[in-house]
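*Asks:* Take a look at upload-v8.csv, CSV, N, CA and C atoms:
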chain,number,residue,atom,x,y,z
A,188,MET,N,22.4,-2.6,-6.3
A,188,MET,CA,21.4,-1.7,-6.0
A,188,MET,C,21.0,-1.8,-4.5
A,189,SER,N,20.8,-0.7,-3.9
A,189,SER,CA,20.4,-0.6,-2.4
A,189,SER,C,19.0,-0.2,-2.3
A,190,VAL,N,18.3,-0.9,-1.4
A,190,VAL,CA,16.9,-0.6,-1.2
A,190,VAL,C,16.7,-0.3,0.3
A,191,GLY,N,16.0,0.8,0.6
A,191,GLY,CA,15.6,1.2,1.9
A,191,GLY,C,14.2,0.8,2.2
A,192,VAL,N,13.9,0.4,3.4
A,192,VAL,CA,12.6,-0.1,3.8
A,192,VAL,C,12.2,0.6,5.1
A,193,ASP,N,11.0,1.2,5.1
A,193,ASP,CA,10.4,1.7,6.4
A,193,ASP,C,9.1,0.9,6.6
A,194,PHE,N,8.8,0.7,7.9
A,194,PHE,CA,7.6,0.0,8.3
A,194,PHE,C,6.7,0.9,9.1
A,195,ALA,N,5.4,0.6,9.0
A,195,ALA,CA,4.4,1.2,9.9
A,195,ALA,C,3.5,0.0,10.3
A,196,MET,N,3.1,0.1,11.6
A,196,MET,CA,2.3,-1.0,12.2
A,196,MET,C,0.8,-0.8,11.9
A,197,SER,N,0.4,0.3,11.4
A,197,SER,CA,-1.0,0.6,11.1
A,197,SER,C,-1.1,1.6,10.0
A,198,ALA,N,-2.3,1.7,9.4
A,198,ALA,CA,-2.5,2.7,8.4
A,198,ALA,C,-2.4,4.1,9.0
A,199,GLU,N,-2.9,4.3,10.2
A,199,GLU,CA,-2.8,5.6,10.8
A,199,GLU,C,-1.3,6.0,11.0
A,200,GLU,N,-0.5,5.1,11.4
A,200,GLU,CA,1.0,5.3,11.6
A,200,GLU,C,1.6,5.6,10.2
A,201,ALA,N,1.2,4.9,9.2
A,201,ALA,CA,1.8,5.2,7.9
A,201,ALA,C,1.5,6.5,7.4
A,202,MET,N,0.2,7.0,7.6
A,202,MET,CA,-0.2,8.3,7.1
A,202,MET,C,0.5,9.4,7.9
A,203,SER,N,0.7,9.2,9.2
A,203,SER,CA,1.4,10.2,10.0
A,203,SER,C,2.9,10.3,9.5
A,204,TYR,N,3.4,9.1,9.2
A,204,TYR,CA,4.8,9.1,8.6
A,204,TYR,C,4.9,9.9,7.3
A,205,LEU,N,3.9,9.6,6.4
A,205,LEU,CA,3.8,10.3,5.1
A,205,LEU,C,3.7,11.8,5.3
A,206,ASN,N,2.9,12.2,6.3
A,206,ASN,CA,2.7,13.6,6.5
A,206,ASN,C,3.9,14.4,6.9
A,207,LYS,N,4.9,13.7,7.5
A,207,LYS,CA,6.1,14.3,7.9
A,207,LYS,C,7.2,14.4,6.8
A,208,MET,N,6.9,13.8,5.7
A,208,MET,CA,7.9,13.8,4.6
A,208,MET,C,7.6,14.9,3.6
A,209,THR,N,8.7,15.3,2.9
A,209,THR,CA,8.6,16.2,1.8
A,209,THR,C,8.4,15.4,0.6
A,210,SER,N,8.0,16.0,-0.5
A,210,SER,CA,7.7,15.3,-1.7
A,210,SER,C,8.9,14.5,-2.2
A,211,GLY,N,10.1,15.0,-2.0
A,211,GLY,CA,11.3,14.3,-2.5
A,211,GLY,C,11.7,13.2,-1.6
A,212,ASP,N,11.1,13.1,-0.4
A,212,ASP,CA,11.5,12.0,0.5
A,212,ASP,C,10.5,10.9,0.5
A,213,GLN,N,9.4,11.0,-0.2
A,213,GLN,CA,8.3,10.0,-0.2
A,213,GLN,C,8.8,8.7,-0.7
A,214,PRO,N,8.1,7.6,-0.3
A,214,PRO,CA,8.5,6.3,-0.8
A,214,PRO,C,8.2,6.1,-2.3
A,215,ASP,N,9.0,5.3,-2.9
A,215,ASP,CA,8.8,5.0,-4.3
A,215,ASP,C,7.6,4.1,-4.5
A,216,ILE,N,7.2,3.3,-3.5
A,216,ILE,CA,6.1,2.4,-3.6
A,216,ILE,C,5.7,2.1,-2.1
A,217,ILE,N,4.4,1.7,-2.0
A,217,ILE,CA,3.9,1.3,-0.7
A,217,ILE,C,3.3,-0.1,-0.8
A,218,PHE,N,3.8,-1.0,0.0
A,218,PHE,CA,3.2,-2.3,0.1
A,218,PHE,C,2.3,-2.3,1.3
A,219,MET,N,1.0,-2.5,1.0
A,219,MET,CA,-0.1,-2.3,2.0
A,219,MET,C,-0.7,-3.6,2.4
A,220,ASP,N,-0.7,-4.0,3.6
A,220,ASP,CA,-1.3,-5.2,4.1
A,220,ASP,C,-2.8,-4.9,4.1
A,221,HIS,N,-3.6,-5.9,3.9
A,221,HIS,CA,-5.1,-5.8,3.8
A,221,HIS,C,-5.7,-5.7,5.2
A,222,LEU,N,-5.3,-6.6,6.1
A,222,LEU,CA,-5.8,-6.6,7.5
A,222,LEU,C,-4.9,-6.0,8.5
A,223,MET,N,-5.3,-4.9,9.1
A,223,MET,CA,-4.4,-4.2,10.0
A,223,MET,C,-5.3,-3.7,11.2
A,224,PRO,N,-4.7,-3.4,12.3
A,224,PRO,CA,-5.5,-2.7,13.3
A,224,PRO,C,-6.0,-1.3,12.9
A,225,GLY,N,-7.2,-0.9,13.3
A,225,GLY,CA,-7.7,0.4,12.8
A,225,GLY,C,-8.2,0.2,11.4
A,226,MET,N,-7.8,1.2,10.5
A,226,MET,CA,-8.2,1.2,9.1
A,226,MET,C,-7.7,-0.1,8.4
A,227,ASP,N,-8.5,-0.7,7.5
A,227,ASP,CA,-7.9,-1.8,6.7
A,227,ASP,C,-7.2,-1.2,5.5
A,228,GLY,N,-6.6,-2.1,4.8
A,228,GLY,CA,-5.8,-1.7,3.7
A,228,GLY,C,-6.5,-1.0,2.6
A,229,PHE,N,-7.8,-1.4,2.3
A,229,PHE,CA,-8.6,-0.7,1.3
A,229,PHE,C,-8.9,0.8,1.8
A,230,GLN,N,-9.3,0.9,3.0
A,230,GLN,CA,-9.5,2.3,3.5
A,230,GLN,C,-8.3,3.1,3.5
A,231,ALA,N,-7.1,2.6,3.8
A,231,ALA,CA,-5.9,3.3,3.8
A,231,ALA,C,-5.4,3.7,2.4
A,232,THR,N,-5.6,2.7,1.5
A,232,THR,CA,-5.2,3.0,0.1
A,232,THR,C,-6.1,4.1,-0.5
A,233,LYS,N,-7.4,4.1,-0.2
A,233,LYS,CA,-8.3,5.1,-0.6
A,233,LYS,C,-7.9,6.5,0.0
A,234,ALA,N,-7.5,6.5,1.2
A,234,ALA,CA,-7.1,7.8,1.9
A,234,ALA,C,-5.8,8.3,1.3
A,235,ILE,N,-4.9,7.4,1.0
A,235,ILE,CA,-3.7,7.8,0.3
A,235,ILE,C,-3.9,8.4,-1.1
A,236,LYS,N,-4.7,7.7,-1.8
A,236,LYS,CA,-5.0,8.2,-3.2
A,236,LYS,C,-5.9,9.4,-3.2
A,237,GLU,N,-6.6,9.7,-2.2
A,237,GLU,CA,-7.4,11.0,-2.1
A,237,GLU,C,-6.6,12.2,-1.7
A,238,ASN,N,-5.4,11.9,-1.1
A,238,ASN,CA,-4.5,13.0,-0.7
A,238,ASN,C,-3.7,13.5,-1.9
A,239,LYS,N,-3.8,14.8,-2.2
A,239,LYS,CA,-3.1,15.3,-3.4
A,239,LYS,C,-1.5,15.1,-3.3
A,240,ASN,N,-1.0,15.1,-2.1
A,240,ASN,CA,0.4,14.9,-1.9
A,240,ASN,C,0.9,13.5,-2.1
A,241,TRP,N,0.0,12.6,-2.0
A,241,TRP,CA,0.4,11.1,-2.1
A,241,TRP,C,-0.1,10.4,-3.2
A,242,THR,N,-1.0,11.0,-4.0
A,242,THR,CA,-1.8,10.3,-5.0
A,242,THR,C,-0.9,9.5,-6.1
A,243,THR,N,0.3,10.0,-6.3
A,243,THR,CA,1.2,9.4,-7.3
A,243,THR,C,2.0,8.2,-6.8
A,244,ILE,N,2.0,8.0,-5.4
A,244,ILE,CA,2.7,6.9,-4.9
A,244,ILE,C,2.0,5.6,-5.2
A,245,PRO,N,2.6,4.6,-5.9
A,245,PRO,CA,1.9,3.4,-6.2
A,245,PRO,C,1.7,2.5,-4.9
A,246,VAL,N,0.6,1.9,-4.8
A,246,VAL,CA,0.2,1.0,-3.7
A,246,VAL,C,0.0,-0.4,-4.2
A,247,VAL,N,0.7,-1.3,-3.6
A,247,VAL,CA,0.5,-2.7,-3.9
A,247,VAL,C,-0.1,-3.4,-2.7
A,248,MET,N,-1.2,-4.1,-2.8
A,248,MET,CA,-1.9,-4.8,-1.7
A,248,MET,C,-1.2,-6.1,-1.5
A,249,CYS,N,-0.7,-6.3,-0.2
A,249,CYS,CA,-0.1,-7.6,0.2
A,249,CYS,C,-1.1,-8.3,1.0
A,250,THR,N,-1.5,-9.5,0.5
A,250,THR,CA,-2.6,-10.2,1.2
A,250,THR,C,-2.6,-11.7,0.8
A,251,SER,N,-3.3,-12.4,1.7
A,251,SER,CA,-3.5,-13.9,1.4
A,251,SER,C,-4.8,-14.0,0.6
A,252,LYS,N,-5.6,-13.0,0.5
A,252,LYS,CA,-6.8,-13.0,-0.3
A,252,LYS,C,-6.5,-13.1,-1.8
A,253,GLU,N,-7.4,-13.7,-2.6
A,253,GLU,CA,-7.1,-13.9,-4.0
A,253,GLU,C,-8.4,-13.9,-4.8
A,254,GLY,N,-8.2,-13.9,-6.1
A,254,GLY,CA,-9.4,-14.0,-7.0
A,254,GLY,C,-9.7,-12.7,-7.7
A,255,SER,N,-10.4,-12.8,-8.8
A,255,SER,CA,-10.6,-11.6,-9.6
A,255,SER,C,-11.5,-10.5,-9.0
A,256,GLU,N,-12.4,-11.0,-8.1
A,256,GLU,CA,-13.3,-10.0,-7.4
A,256,GLU,C,-12.4,-9.2,-6.4
A,257,TYR,N,-11.5,-9.8,-5.7
A,257,TYR,CA,-10.7,-9.1,-4.8
A,257,TYR,C,-9.7,-8.1,-5.5
A,258,LEU,N,-9.2,-8.6,-6.6
A,258,LEU,CA,-8.3,-7.7,-7.5
A,258,LEU,C,-9.1,-6.5,-7.9
A,259,LYS,N,-10.3,-6.7,-8.4
A,259,LYS,CA,-11.1,-5.6,-8.9
A,259,LYS,C,-11.4,-4.6,-7.8
A,260,GLN,N,-11.7,-5.1,-6.6
A,260,GLN,CA,-12.0,-4.3,-5.5
A,260,GLN,C,-10.7,-3.5,-5.1
A,261,ALA,N,-9.5,-4.1,-5.0
A,261,ALA,CA,-8.3,-3.5,-4.7
A,261,ALA,C,-8.0,-2.4,-5.7
A,262,LEU,N,-8.2,-2.7,-7.0
A,262,LEU,CA,-7.9,-1.7,-8.0
A,262,LEU,C,-8.9,-0.5,-7.9
A,263,SER,N,-10.1,-0.7,-7.5
A,263,SER,CA,-11.1,0.3,-7.4
A,263,SER,C,-10.7,1.3,-6.3
A,264,TYR,N,-10.0,0.9,-5.3
A,264,TYR,CA,-9.5,1.7,-4.2
A,264,TYR,C,-8.2,2.5,-4.6
A,265,GLY,N,-7.6,2.1,-5.7
A,265,GLY,CA,-6.4,2.8,-6.1
A,265,GLY,C,-5.1,1.9,-6.1
A,266,ALA,N,-5.2,0.7,-5.7
A,266,ALA,CA,-4.0,-0.2,-5.7
A,266,ALA,C,-3.6,-0.5,-7.2
A,267,ILE,N,-2.4,-0.7,-7.4
A,267,ILE,CA,-2.0,-1.0,-8.8
A,267,ILE,C,-1.8,-2.5,-9.0
A,268,ALA,N,-1.7,-3.3,-7.9
A,268,ALA,CA,-1.5,-4.8,-8.1
A,268,ALA,C,-1.8,-5.4,-6.7
A,269,ILE,N,-1.8,-6.7,-6.7
A,269,ILE,CA,-1.9,-7.5,-5.5
A,269,ILE,C,-0.6,-8.4,-5.4
A,270,LEU,N,0.0,-8.5,-4.3
A,270,LEU,CA,1.2,-9.3,-4.0
A,270,LEU,C,0.7,-10.4,-3.0
A,271,PRO,N,0.8,-11.6,-3.4
A,271,PRO,CA,0.3,-12.7,-2.5
A,271,PRO,C,1.3,-12.8,-1.3
A,272,LYS,N,0.7,-13.2,-0.1
A,272,LYS,CA,1.5,-13.5,1.0
A,272,LYS,C,1.6,-15.0,1.3
A,273,PRO,N,2.7,-15.5,1.6
A,273,PRO,CA,4.0,-14.9,1.6
A,273,PRO,C,4.5,-14.7,0.2
A,274,ALA,N,5.2,-13.6,-0.1
A,274,ALA,CA,5.7,-13.2,-1.4
A,274,ALA,C,7.1,-13.7,-1.6
A,275,SER,N,7.4,-14.2,-2.8
A,275,SER,CA,8.7,-14.6,-3.1
A,275,SER,C,9.5,-13.3,-3.6
A,276,LEU,N,10.8,-13.4,-3.6
A,276,LEU,CA,11.6,-12.3,-4.1
A,276,LEU,C,11.3,-12.0,-5.6
A,277,LYS,N,11.1,-13.1,-6.3
A,277,LYS,CA,10.7,-12.9,-7.7
A,277,LYS,C,9.4,-12.1,-7.9
A,278,GLU,N,8.4,-12.4,-7.0
A,278,GLU,CA,7.1,-11.7,-7.1
A,278,GLU,C,7.3,-10.2,-6.7
A,279,VAL,N,8.1,-10.0,-5.7
A,279,VAL,CA,8.3,-8.6,-5.2
A,279,VAL,C,9.1,-7.8,-6.3
A,280,SER,N,10.0,-8.4,-7.0
A,280,SER,CA,10.8,-7.8,-8.1
A,280,SER,C,9.9,-7.5,-9.3
A,281,ARG,N,9.0,-8.3,-9.5
A,281,ARG,CA,8.1,-8.1,-10.7
A,281,ARG,C,7.3,-6.8,-10.4
Now, as a test, write the supplied structure out as structure tokens.

*Replies:*
Amino acid sequence: MSVGVDFAMSAEEAMSYLNKMTSGDQPDIIFMDHLMPGMDGFQATKAIKENKNWTTIPVVMCTSKEGSEYLKQALSYGAIAILPKPASLKEVSR
């Protein structure tokens, strides 16, 4: 199986990238860092989920933060899960 990966250095860059894509070219999943320059991961996830063209793209928060309160907050913004940093290949595959 082959996997392609694209990177964005900020939420604003990621949304600009998504804006240039057609629905068939969109990513299968977004791994979102929590702390970034500009918008944080929660704000970016909320913006992605509020855009009708991107709402179906699953977002996984990648963070060193942990705990049930953080998970609840991430889910409230539209993330589907949390991936701890640094993540192992097994955790990414799950």

*Asks:* For region 242-252 of chain A, work out the shell of residues within 7 Å, counting all atoms listed in the file and skipping chain neighbours fewer than 2 positions away, then give it as a list of chain:residue names.

*Replies:*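 Within the cut-off, the hits are A:Pro214, A:Asp215, A:Ile216, A:Ile217, A:Phe218, A:Met219, A:Asp220, A:His221, A:Leu222, A:Thr232, A:Ile235, A:Lys236, A:Glu237, A:Asn238, A:Lys239, A:Asn240, A:Gly254, A:Tyr257, A:Gly265, A:Ala266, A:Ile267, A:Ala268, A:Ile269, A:Leu270, A:Pro271, A:Lys272, A:Pro273.
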
*Asks:* Please identify the strand (DSSP E) residues within chain A (assignment by DSSP from backbone atoms) and present them as a list of chain:residue names.

*Replies:* A:Ile217, A:Phe218, A:Met219, A:Asp220, A:Val246, A:Val247, A:Met248, A:Cys249, A:Thr250, A:Ala268, A:Ile269, A:Leu270, A:Pro271

*Asks:* How far is it from CA of Phe229 (chain A) to CA of Ser203 (chain A), in Å with one decimal?

*Replies:*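 So the two atoms, CA of Phe229 (chain A) and CA of Ser203 (chain A), lie 17.2 Å apart.
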
*Asks:* In region 191-253 of chain A, what's alpha helix (DSSP H) per DSSP? Answer as a compact mmCIF listing (two decimals) with N, CA and C atoms, keeping the file's coordinate frame?

*Replies:*
# COMPACT_ATOMS: atom_id res chain seq x y z
N ALA A 198 -2.30 1.70 9.40
CA ALA A 198 -2.50 2.70 8.40
C ALA A 198 -2.40 4.10 9.00
N GLU A 199 -2.90 4.30 10.20
CA GLU A 199 -2.80 5.60 10.80
C GLU A 199 -1.30 6.00 11.00
N GLU A 200 -0.50 5.10 11.40
CA GLU A 200 1.00 5.30 11.60
C GLU A 200 1.60 5.60 10.20
N ALA A 201 1.20 4.90 9.20
CA ALA A 201 1.80 5.20 7.90
C ALA A 201 1.50 6.50 7.40
N MET A 202 0.20 7.00 7.60
CA MET A 202 -0.20 8.30 7.10
C MET A 202 0.50 9.40 7.90
N SER A 203 0.70 9.20 9.20
CA SER A 203 1.40 10.20 10.00
C SER A 203 2.90 10.30 9.50
N TYR A 204 3.40 9.10 9.20
CA TYR A 204 4.80 9.10 8.60
C TYR A 204 4.90 9.90 7.30
N LEU A 205 3.90 9.60 6.40
CA LEU A 205 3.80 10.30 5.10
C LEU A 205 3.70 11.80 5.30
N ASN A 206 2.90 12.20 6.30
CA ASN A 206 2.70 13.60 6.50
C ASN A 206 3.90 14.40 6.90
N GLY A 228 -6.60 -2.10 4.80
CA GLY A 228 -5.80 -1.70 3.70
C GLY A 228 -6.50 -1.00 2.60
N PHE A 229 -7.80 -1.40 2.30
CA PHE A 229 -8.60 -0.70 1.30
C PHE A 229 -8.90 0.80 1.80
N GLN A 230 -9.30 0.90 3.00
CA GLN A 230 -9.50 2.30 3.50
C GLN A 230 -8.30 3.10 3.50
N ALA A 231 -7.10 2.60 3.80
CA ALA A 231 -5.90 3.30 3.80
C ALA A 231 -5.40 3.70 2.40
N THR A 232 -5.60 2.70 1.50
CA THR A 232 -5.20 3.00 0.10
C THR A 232 -6.10 4.10 -0.50
N LYS A 233 -7.40 4.10 -0.20
CA LYS A 233 -8.30 5.10 -0.60
C LYS A 233 -7.90 6.50 0.00
N ALA A 234 -7.50 6.50 1.20
CA ALA A 234 -7.10 7.80 1.90
C ALA A 234 -5.80 8.30 1.30
N ILE A 235 -4.90 7.40 1.00
CA ILE A 235 -3.70 7.80 0.30
C ILE A 235 -3.90 8.40 -1.10
N LYS A 236 -4.70 7.70 -1.80
CA LYS A 236 -5.00 8.20 -3.20
C LYS A 236 -5.90 9.40 -3.20
N GLU A 237 -6.60 9.70 -2.20
CA GLU A 237 -7.40 11.00 -2.10
C GLU A 237 -6.60 12.20 -1.70

*Asks:* Mind pulling up the distance from CA of Lys277 (chain A) to CA of Trp241 (chain A)?

*Replies:* 26.7 Å

*Asks:* Please measure the separation of CA of Thr209 (chain A) and CA of Arg281 (chain A), giving the value in Å to one decimal.

*Replies:*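 It comes out at 27.3 Å.
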
*Asks:* Which is closest to Pro224 (chain A) among A:Leu262, A:Met208, A:Met196, A:Met202, if we use only N, CA and C atoms?

*Replies:* A:Met196

*Asks:* So, counting all atoms listed in the file, which residue among A:Glu256, A:Glu278, A:Glu199, A:Asp193 is closest to Gly225 (chain A)?

*Replies:* A:Glu199

*Asks:* List the neighbours of Met223 (chain A) out to 8 Å using only N, CA and C atoms; skip same-chain residues closer than 4 positions along the sequence, and give me the result as a compact mmCIF listing (two decimals) with N, CA and C atoms, keeping the file's coordinate frame.

*Replies:*
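Contents of part-v4.txt, freshly written:
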# COMPACT_ATOMS: atom_id res chain seq x y z
N MET A 196 3.10 0.10 11.60
CA MET A 196 2.30 -1.00 12.20
C MET A 196 0.80 -0.80 11.90
N SER A 197 0.40 0.30 11.40
CA SER A 197 -1.00 0.60 11.10
C SER A 197 -1.10 1.60 10.00
N ALA A 198 -2.30 1.70 9.40
CA ALA A 198 -2.50 2.70 8.40
C ALA A 198 -2.40 4.10 9.00
N ASP A 227 -8.50 -0.70 7.50
CA ASP A 227 -7.90 -1.80 6.70
C ASP A 227 -7.20 -1.20 5.50
N GLY A 228 -6.60 -2.10 4.80
CA GLY A 228 -5.80 -1.70 3.70
C GLY A 228 -6.50 -1.00 2.60

*Asks:* With only C-alpha atoms as the atoms that count, which of A:Ser255, A:Gln260, A:Gln230, A:Gln213 lies nearest to Gly191 (chain A)?

*Replies:*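 Nearest to Gly191 (chain A): A:Gln213.
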